Amino acid sequence: MELAGKRVLVVGLARSGEAVARLLLRHGCRVTVNDGREEKPEEPQASALRALGAPVVFGGHPLQLLDDRPDFIVKNPGIPYQIPLLQEAARRGIPIYTEIEVASWLTRAPLVAITGSNGKTTTTTLVGEMLAQAGLTPVVAGNIGRVFAGVVETVAPDQPVVLEVSSFQLAGVETFRPRVGALLNLFPAHLDYHGSFEAYADAKWRLFRNMAGDDVAVLNMDQQLLRERAKTLRCKVAWFSRREPVPEGACLEDGQVVLYREGQRLPVLPVDAIALPGEHNLENALAACAIAVAAGGTPQACAQVLMRFRGVEHRLEFVRDVGGVAYYNDSKSTNPTAALQALRAFEGGIVWIAGGLDRGDDFSPLVPEVQRRVKAAVVLGQTAQKLATVCRAAGVRRVEPVQTLDEAVSAARRLAEPGDVVLLSPSCASWDMFTSFEERGRIFKEAVHRL
């Protein structure tokens with residue numbers, strides 16, 4: 001698309017909004033930025049954009065913003081399509097994109113895009129390190145912290161870009177085309193935003209809409225839903241599996257991680273040499289191997305990374321030992337499936353800190369693992385009562401509701417004994433009490449370090 005002179009409305013300031021606004025301004029667009037919250041006395045992002053010539057409108061999403069007849073809208077991923085401004089824009093036939101779509105117009109670099117209900121950040125980080133170990137100098141960006149639009153102009157045409165992408169971002173893509181696209185798993189999540197599991201799955205599946213020919217889709221063979229949907233793809237498919245052999249991709253054989261690539265069997269390393277704990281991280285490791293090799297990495301690079309990589313911030317992150325009690329930060333656990341995986345990473349003796357935004361999730365599937373592994377629980381946030389009910393149904397005798405995360409850490413310290421694990425794995429989004437799961441995790445770690 002020729003961008004010079006295009007009229008663009010960016011809805012939602014945040015990091016991605018600011019980055020895409022700056023990118024479009026550099027390419028000669030007439031940009032207006034809109035944010036629904038009230039303007040604060042000091043808004044450095046807004047001041048900087050205004051200095052570049054972009055009006056910034058706070059305090060709602062007025063329909064008058066469409067009077068300038070924007071050629072397209074770039075929407076912050078978290079803003080629902082149901083707001084009147086976007087509904088009216090759709091009625092008028094104005095295209096609505098997300099930032100990753102726009103950034104993809106401006107590079108010829110090979111894109112490696114990774115999505116899924118759980119495991120995205122760990123797998124994306126692993127793939128980035130594996131490609132770097134193989135000498136390919138990747139750029140890692142997307143939902144992992146670095147906005148794609150903020151780095152896209154620095155990427156060389158032969159430099160792989162490894163992107164973590166969410167269903168929110170994928171709902172607004174049209175021409176976005178990865179060379180390698182991975183869907184790690186599908187579990188009910190973000191149903192308050194998408195409306196149904198089918199709509200959520202369809203948003204994830206948009207990752208593959210433009211992939212064809214020699215592009216490679218990497219999928220979880222252990223999920224029947226993905227096996228069925230794979231029949232509709234127009235590109236090559238590689239698989240990963242903890243349970244069975246794969247024709248192409250990564251699997252387990254006799255306690256080893258093994259890759260199959262174009263008919264070749266390529267041993268990677270023994271499972272017990274992988275540094276990351278947990279069955280879910282074994283799945284992430286298999287996925288990362290399949291993705292990295294499809295993107296030009298080597299089995300040797302995969303093995304070297306897996307032997308040293310110990311995790312990412314906020315995902316089963318060891319914080320410290322206090323009096324023989326190990327504290328773990330799993331703030332990125334924003335749905336019940338993620339919490340289930342975290343609980344399974346430990347044999348028992350867990351003092352579980354959980355709770356957050358109520359998005360209507362069903363927590364009852366957690367009962368068996370809570371019964372096996374949790375000795376006490378501390379609950380907070382909008383879902384505190386729901387999670388307390390789950391814990392009591394599982395026979396957890398000590399369940400303490402608290403108001404703040406600092407109180408939760410203090411309560412967990414009282415409940416824990418030497419040899420126990422204090423696990424922050426909220427099972428919920430953070431937005432009822434925090435601006436992000438990162439903020440929640442940082443506050444937890446600060447509280448632990450004050451013990």
# chains A, B, ... in the order shown; residues from 1 in each chain; ligands from 1
call {"tool": "residues_around", "arguments": {"residues": "region 31-38 of chain A", "least_positions_apart": "2", "cutoff": "9 Å", "atoms": "only C-alpha atoms", "output": "ChimeraX atom specification"}}
result
/A:6-14,17-18,21-22,24-25,28-29,40,46,49,53-62,65,70
call {"tool": "write_last_selection", "arguments": {"atoms": "C-alpha atoms", "output": "PDB file, in the first residue's frame"}}
result
ATOM      1  CA  LYS A   6      -3.352   8.461   3.644  1.00  0.00           C
ATOM      2  CA  ARG A   7      -5.673   9.623   6.422  1.00  0.00           C
ATOM      3  CA  VAL A   8      -5.371   7.232   9.384  1.00  0.00           C
ATOM      4  CA  LEU A   9      -7.181   7.068  12.707  1.00  0.00           C
ATOM      5  CA  VAL A  10      -5.263   5.240  15.450  1.00  0.00           C
ATOM      6  CA  VAL A  11      -7.635   4.113  18.213  1.00  0.00           C
ATOM      7  CA  GLY A  12      -5.883   3.449  21.508  1.00  0.00           C
ATOM      8  CA  LEU A  13      -2.648   5.200  22.457  1.00  0.00           C
ATOM      9  CA  ALA A  14      -0.717   2.643  24.560  1.00  0.00           C
ATOM     10  CA  GLY A  17      -0.713   2.880  19.256  1.00  0.00           C
ATOM     11  CA  GLU A  18       2.185   5.244  19.751  1.00  0.00           C
ATOM     12  CA  ALA A  21       1.331   6.320  14.808  1.00  0.00           C
ATOM     13  CA  ARG A  22       5.013   7.271  14.640  1.00  0.00           C
ATOM     14  CA  LEU A  24       2.745   6.042   9.776  1.00  0.00           C
ATOM     15  CA  LEU A  25       3.799   9.651  10.317  1.00  0.00           C
ATOM     16  CA  GLY A  28       3.730  10.601   5.190  1.00  0.00           C
ATOM     17  CA  CYS A  29       0.316   9.708   6.605  1.00  0.00           C
ATOM     18  CA  LYS A  40      -3.701  13.291  32.489  1.00  0.00           C
ATOM     19  CA  ALA A  46       0.554  12.557  23.500  1.00  0.00           C
ATOM     20  CA  LEU A  49       2.830  12.879  18.834  1.00  0.00           C
ATOM     21  CA  GLY A  53       1.722  16.945  13.861  1.00  0.00           C
ATOM     22  CA  ALA A  54      -0.750  14.283  14.982  1.00  0.00           C
ATOM     23  CA  PRO A  55      -3.856  15.466  16.865  1.00  0.00           C
ATOM     24  CA  VAL A  56      -4.520  13.353  19.977  1.00  0.00           C
ATOM     25  CA  VAL A  57      -8.121  13.150  21.213  1.00  0.00           C
ATOM     26  CA  PHE A  58      -8.847  11.831  24.719  1.00  0.00           C
ATOM     27  CA  GLY A  59     -12.057  11.207  26.661  1.00  0.00           C
ATOM     28  CA  GLY A  60     -14.114   8.679  24.709  1.00  0.00           C
ATOM     29  CA  HIS A  61     -14.419   7.637  21.086  1.00  0.00           C
ATOM     30  CA  PRO A  62     -16.574  10.323  19.401  1.00  0.00           C
ATOM     31  CA  LEU A  65     -13.532  11.303  14.353  1.00  0.00           C
ATOM     32  CA  PRO A  70     -10.021   8.027   7.324  1.00  0.00           C
TER      33      PRO A  70
END
call {"tool": "select_by_dssp", "arguments": {"residues": "region 198-319 of chain A", "states": "alpha helix (DSSP H)", "output": "count of residues only"}}
result
40
call {"tool": "residues_around", "arguments": {"residues": "Gln341 (chain A)", "least_positions_apart": "5", "cutoff": "8 Å", "atoms": "only C-alpha atoms", "output": "VMD selection string"}}
result
chain A and resid 278 to 280
call {"tool": "residues_around", "arguments": {"residues": "Asn335 (chain A)", "least_positions_apart": "4", "cutoff": "12 Å", "atoms": "only C-alpha atoms", "output": "short mmCIF file (atom, residue, chain, number, x, y, z; two decimals) with N, CA and C atoms, in the first residue's frame"}}
result
data_model
loop_
_atom_site.label_atom_id
_atom_site.label_comp_id
_atom_site.auth_asym_id
_atom_site.auth_seq_id
_atom_site.Cartn_x
_atom_site.Cartn_y
_atom_site.Cartn_z
N SER A 117 -3.20 -20.43 23.08
CA SER A 117 -3.81 -20.00 24.35
C SER A 117 -2.78 -19.91 25.46
N ASN A 118 -1.80 -20.80 25.44
CA ASN A 118 -0.76 -20.83 26.48
C ASN A 118 0.59 -21.15 25.85
N GLY A 119 1.64 -20.66 26.52
CA GLY A 119 3.00 -21.00 26.10
C GLY A 119 3.61 -20.09 25.05
N LEU A 186 -5.21 -24.64 21.65
CA LEU A 186 -6.45 -23.87 21.72
C LEU A 186 -7.25 -24.35 22.92
N PHE A 187 -7.47 -23.44 23.86
CA PHE A 187 -8.34 -23.69 25.00
C PHE A 187 -9.25 -22.47 25.16
N PRO A 188 -10.40 -22.61 25.77
CA PRO A 188 -11.29 -21.45 25.94
C PRO A 188 -10.59 -20.31 26.67
N ALA A 189 -10.55 -19.15 26.05
CA ALA A 189 -9.91 -17.96 26.63
C ALA A 189 -10.47 -16.72 25.94
N HIS A 190 -10.45 -15.61 26.64
CA HIS A 190 -10.89 -14.32 26.08
C HIS A 190 -12.31 -14.39 25.49
N LEU A 191 -13.15 -15.21 26.11
CA LEU A 191 -14.50 -15.36 25.57
C LEU A 191 -15.33 -14.10 25.77
N ASP A 330 4.30 -16.65 38.54
CA ASP A 330 3.68 -17.11 37.30
C ASP A 330 2.53 -16.16 36.93
N SER A 331 2.84 -14.86 36.99
CA SER A 331 1.79 -13.85 36.76
C SER A 331 1.20 -13.94 35.36
N ALA A 339 -2.91 -21.93 34.71
CA ALA A 339 -2.73 -22.24 36.12
C ALA A 339 -2.61 -23.75 36.34
N LEU A 340 -3.38 -24.53 35.59
CA LEU A 340 -3.31 -25.99 35.68
C LEU A 340 -1.90 -26.47 35.38
N GLN A 341 -1.30 -25.91 34.34
CA GLN A 341 0.06 -26.31 33.97
C GLN A 341 1.06 -25.93 35.06
N ALA A 342 0.86 -24.76 35.65
CA ALA A 342 1.78 -24.32 36.71
C ALA A 342 1.67 -25.23 37.93
N ALA A 354 -4.03 -16.80 43.96
CA ALA A 354 -4.80 -16.81 42.72
C ALA A 354 -5.92 -15.77 42.77
N GLY A 355 -6.36 -15.39 41.57
CA GLY A 355 -7.50 -14.48 41.46
C GLY A 355 -7.18 -13.26 40.62
N GLY A 356 -8.21 -12.68 40.03
CA GLY A 356 -8.05 -11.50 39.20
C GLY A 356 -9.35 -11.14 38.52
N LEU A 357 -9.25 -10.67 37.30
CA LEU A 357 -10.41 -10.20 36.55
C LEU A 357 -11.37 -11.35 36.27
N ASP A 358 -12.66 -11.10 36.48
CA ASP A 358 -13.67 -12.12 36.23
C ASP A 358 -14.14 -12.01 34.78
N ARG A 359 -13.73 -12.98 33.95
CA ARG A 359 -14.15 -13.00 32.55
C ARG A 359 -15.09 -14.17 32.27
N GLY A 360 -15.66 -14.71 33.33
CA GLY A 360 -16.61 -15.80 33.16
C GLY A 360 -15.99 -17.16 32.97
N ASP A 361 -14.70 -17.33 33.28
CA ASP A 361 -14.03 -18.62 33.10
C ASP A 361 -14.58 -19.66 34.09
N ASP A 362 -14.53 -20.90 33.66
CA ASP A 362 -14.92 -22.03 34.50
C ASP A 362 -13.66 -22.57 35.18
N PHE A 363 -13.61 -22.47 36.50
CA PHE A 363 -12.44 -22.92 37.25
C PHE A 363 -12.58 -24.36 37.76
N PRO A 365 -12.41 -27.29 36.35
CA PRO A 365 -11.40 -28.28 35.95
C PRO A 365 -10.13 -28.27 36.80
N LEU A 366 -9.93 -27.21 37.59
CA LEU A 366 -8.75 -27.14 38.44
C LEU A 366 -8.86 -28.02 39.68
N THR A 383 -12.37 -12.57 41.17
CA THR A 383 -12.69 -14.00 41.19
C THR A 383 -12.36 -14.67 42.52
N SER A 425 0.01 -17.87 40.68
CA SER A 425 -0.46 -18.31 39.36
C SER A 425 -1.94 -17.96 39.29
N PRO A 426 -2.26 -16.72 38.92
CA PRO A 426 -3.59 -16.16 39.19
C PRO A 426 -4.76 -16.83 38.47
N SER A 427 -4.52 -17.45 37.32
CA SER A 427 -5.58 -18.08 36.55
C SER A 427 -6.53 -17.05 35.93
N CYS A 428 -6.18 -15.78 36.01
CA CYS A 428 -7.06 -14.70 35.56
C CYS A 428 -6.22 -13.55 35.01
N ALA A 429 -6.85 -12.75 34.16
CA ALA A 429 -6.21 -11.50 33.73
C ALA A 429 -6.05 -10.56 34.91
N SER A 430 -5.22 -9.56 34.72
CA SER A 430 -4.80 -8.69 35.83
C SER A 430 -5.56 -7.38 35.92
N PHE A 437 -0.19 -7.95 33.40
CA PHE A 437 0.36 -9.06 34.19
C PHE A 437 1.80 -8.78 34.58
#
call {"tool": "select_by_dssp", "arguments": {"residues": "region 114-192 of chain A", "states": "strand (DSSP E)", "output": "list in words"}}
result
Ile114, Thr115, Val139, Val140, Ala141, Gly142, Val161, Val162, Leu163, Glu164, Val180, Gly181, Ala182 and Leu183 of chain A
call {"tool": "write_last_selection", "arguments": {"atoms": "N, CA and C atoms", "output": "compact mmCIF listing (two decimals), in the first residue's frame"}}
result
# COMPACT_ATOMS: atom_id res chain seq x y z
N ILE A 114 3.95 -16.72 16.21
CA ILE A 114 3.61 -17.78 17.18
C ILE A 114 2.42 -17.32 18.00
N THR A 115 1.37 -18.15 18.03
CA THR A 115 0.20 -17.86 18.84
C THR A 115 -0.25 -19.12 19.55
N VAL A 139 15.11 -10.87 15.11
CA VAL A 139 14.50 -9.82 15.93
C VAL A 139 13.27 -10.43 16.56
N VAL A 140 13.15 -10.33 17.88
CA VAL A 140 12.00 -10.88 18.60
C VAL A 140 11.11 -9.73 19.02
N ALA A 141 9.83 -9.79 18.66
CA ALA A 141 8.93 -8.65 18.90
C ALA A 141 7.49 -9.16 18.99
N GLY A 142 6.56 -8.21 18.96
CA GLY A 142 5.15 -8.54 19.02
C GLY A 142 4.61 -8.40 20.42
N VAL A 161 12.08 -12.26 11.69
CA VAL A 161 11.37 -11.57 12.77
C VAL A 161 10.48 -12.58 13.46
N VAL A 162 10.75 -12.83 14.73
CA VAL A 162 9.98 -13.80 15.51
C VAL A 162 8.95 -13.03 16.33
N LEU A 163 7.67 -13.27 16.06
CA LEU A 163 6.60 -12.48 16.65
C LEU A 163 5.71 -13.35 17.54
N GLU A 164 5.48 -12.91 18.76
CA GLU A 164 4.38 -13.46 19.55
C GLU A 164 3.13 -12.67 19.19
N VAL A 180 6.68 -18.86 8.57
CA VAL A 180 6.37 -19.94 9.51
C VAL A 180 5.35 -19.40 10.50
N GLY A 181 4.23 -20.09 10.64
CA GLY A 181 3.20 -19.70 11.59
C GLY A 181 2.88 -20.87 12.50
N ALA A 182 2.82 -20.63 13.81
CA ALA A 182 2.61 -21.72 14.77
C ALA A 182 1.41 -21.43 15.65
N LEU A 183 0.55 -22.42 15.79
CA LEU A 183 -0.55 -22.38 16.76
C LEU A 183 -0.29 -23.48 17.77
call {"tool": "atom_distance", "arguments": {"atom1": "CA of Glu446 (chain A)", "atom2": "CA of Leu380 (chain A)"}}
result
17.7 Å
call {"tool": "atom_distance", "arguments": {"atom1": "CA of Tyr260 (chain A)", "atom2": "CA of Ala290 (chain A)"}}
result
8.6 Å
call {"tool": "residues_around", "arguments": {"residues": "Val422 (chain A)", "least_positions_apart": "5", "cutoff": "7 Å", "atoms": "only C-alpha atoms", "output": "mmCIF file with C-alpha atoms, in the first residue's frame"}}
result
data_model
loop_
_atom_site.group_PDB
_atom_site.id
_atom_site.type_symbol
_atom_site.label_atom_id
_atom_site.label_comp_id
_atom_site.auth_asym_id
_atom_site.auth_seq_id
_atom_site.Cartn_x
_atom_site.Cartn_y
_atom_site.Cartn_z
ATOM 1 C CA ALA A 326 10.522 -21.329 47.284
ATOM 2 C CA TYR A 327 8.575 -18.407 45.754
ATOM 3 C CA TYR A 328 7.553 -18.542 42.086
ATOM 4 C CA ILE A 350 1.793 -25.460 47.191
ATOM 5 C CA VAL A 351 0.505 -22.301 48.818
ATOM 6 C CA TRP A 352 -1.394 -20.930 45.856
ATOM 7 C CA ALA A 412 1.307 -17.025 52.068
#
call {"tool": "closest_residue", "arguments": {"among": "A:Trp205, A:Leu424, A:Arg69, A:Met211", "to": "Arg92 (chain A)", "atoms": "only C-alpha atoms"}}
result
A:Arg69
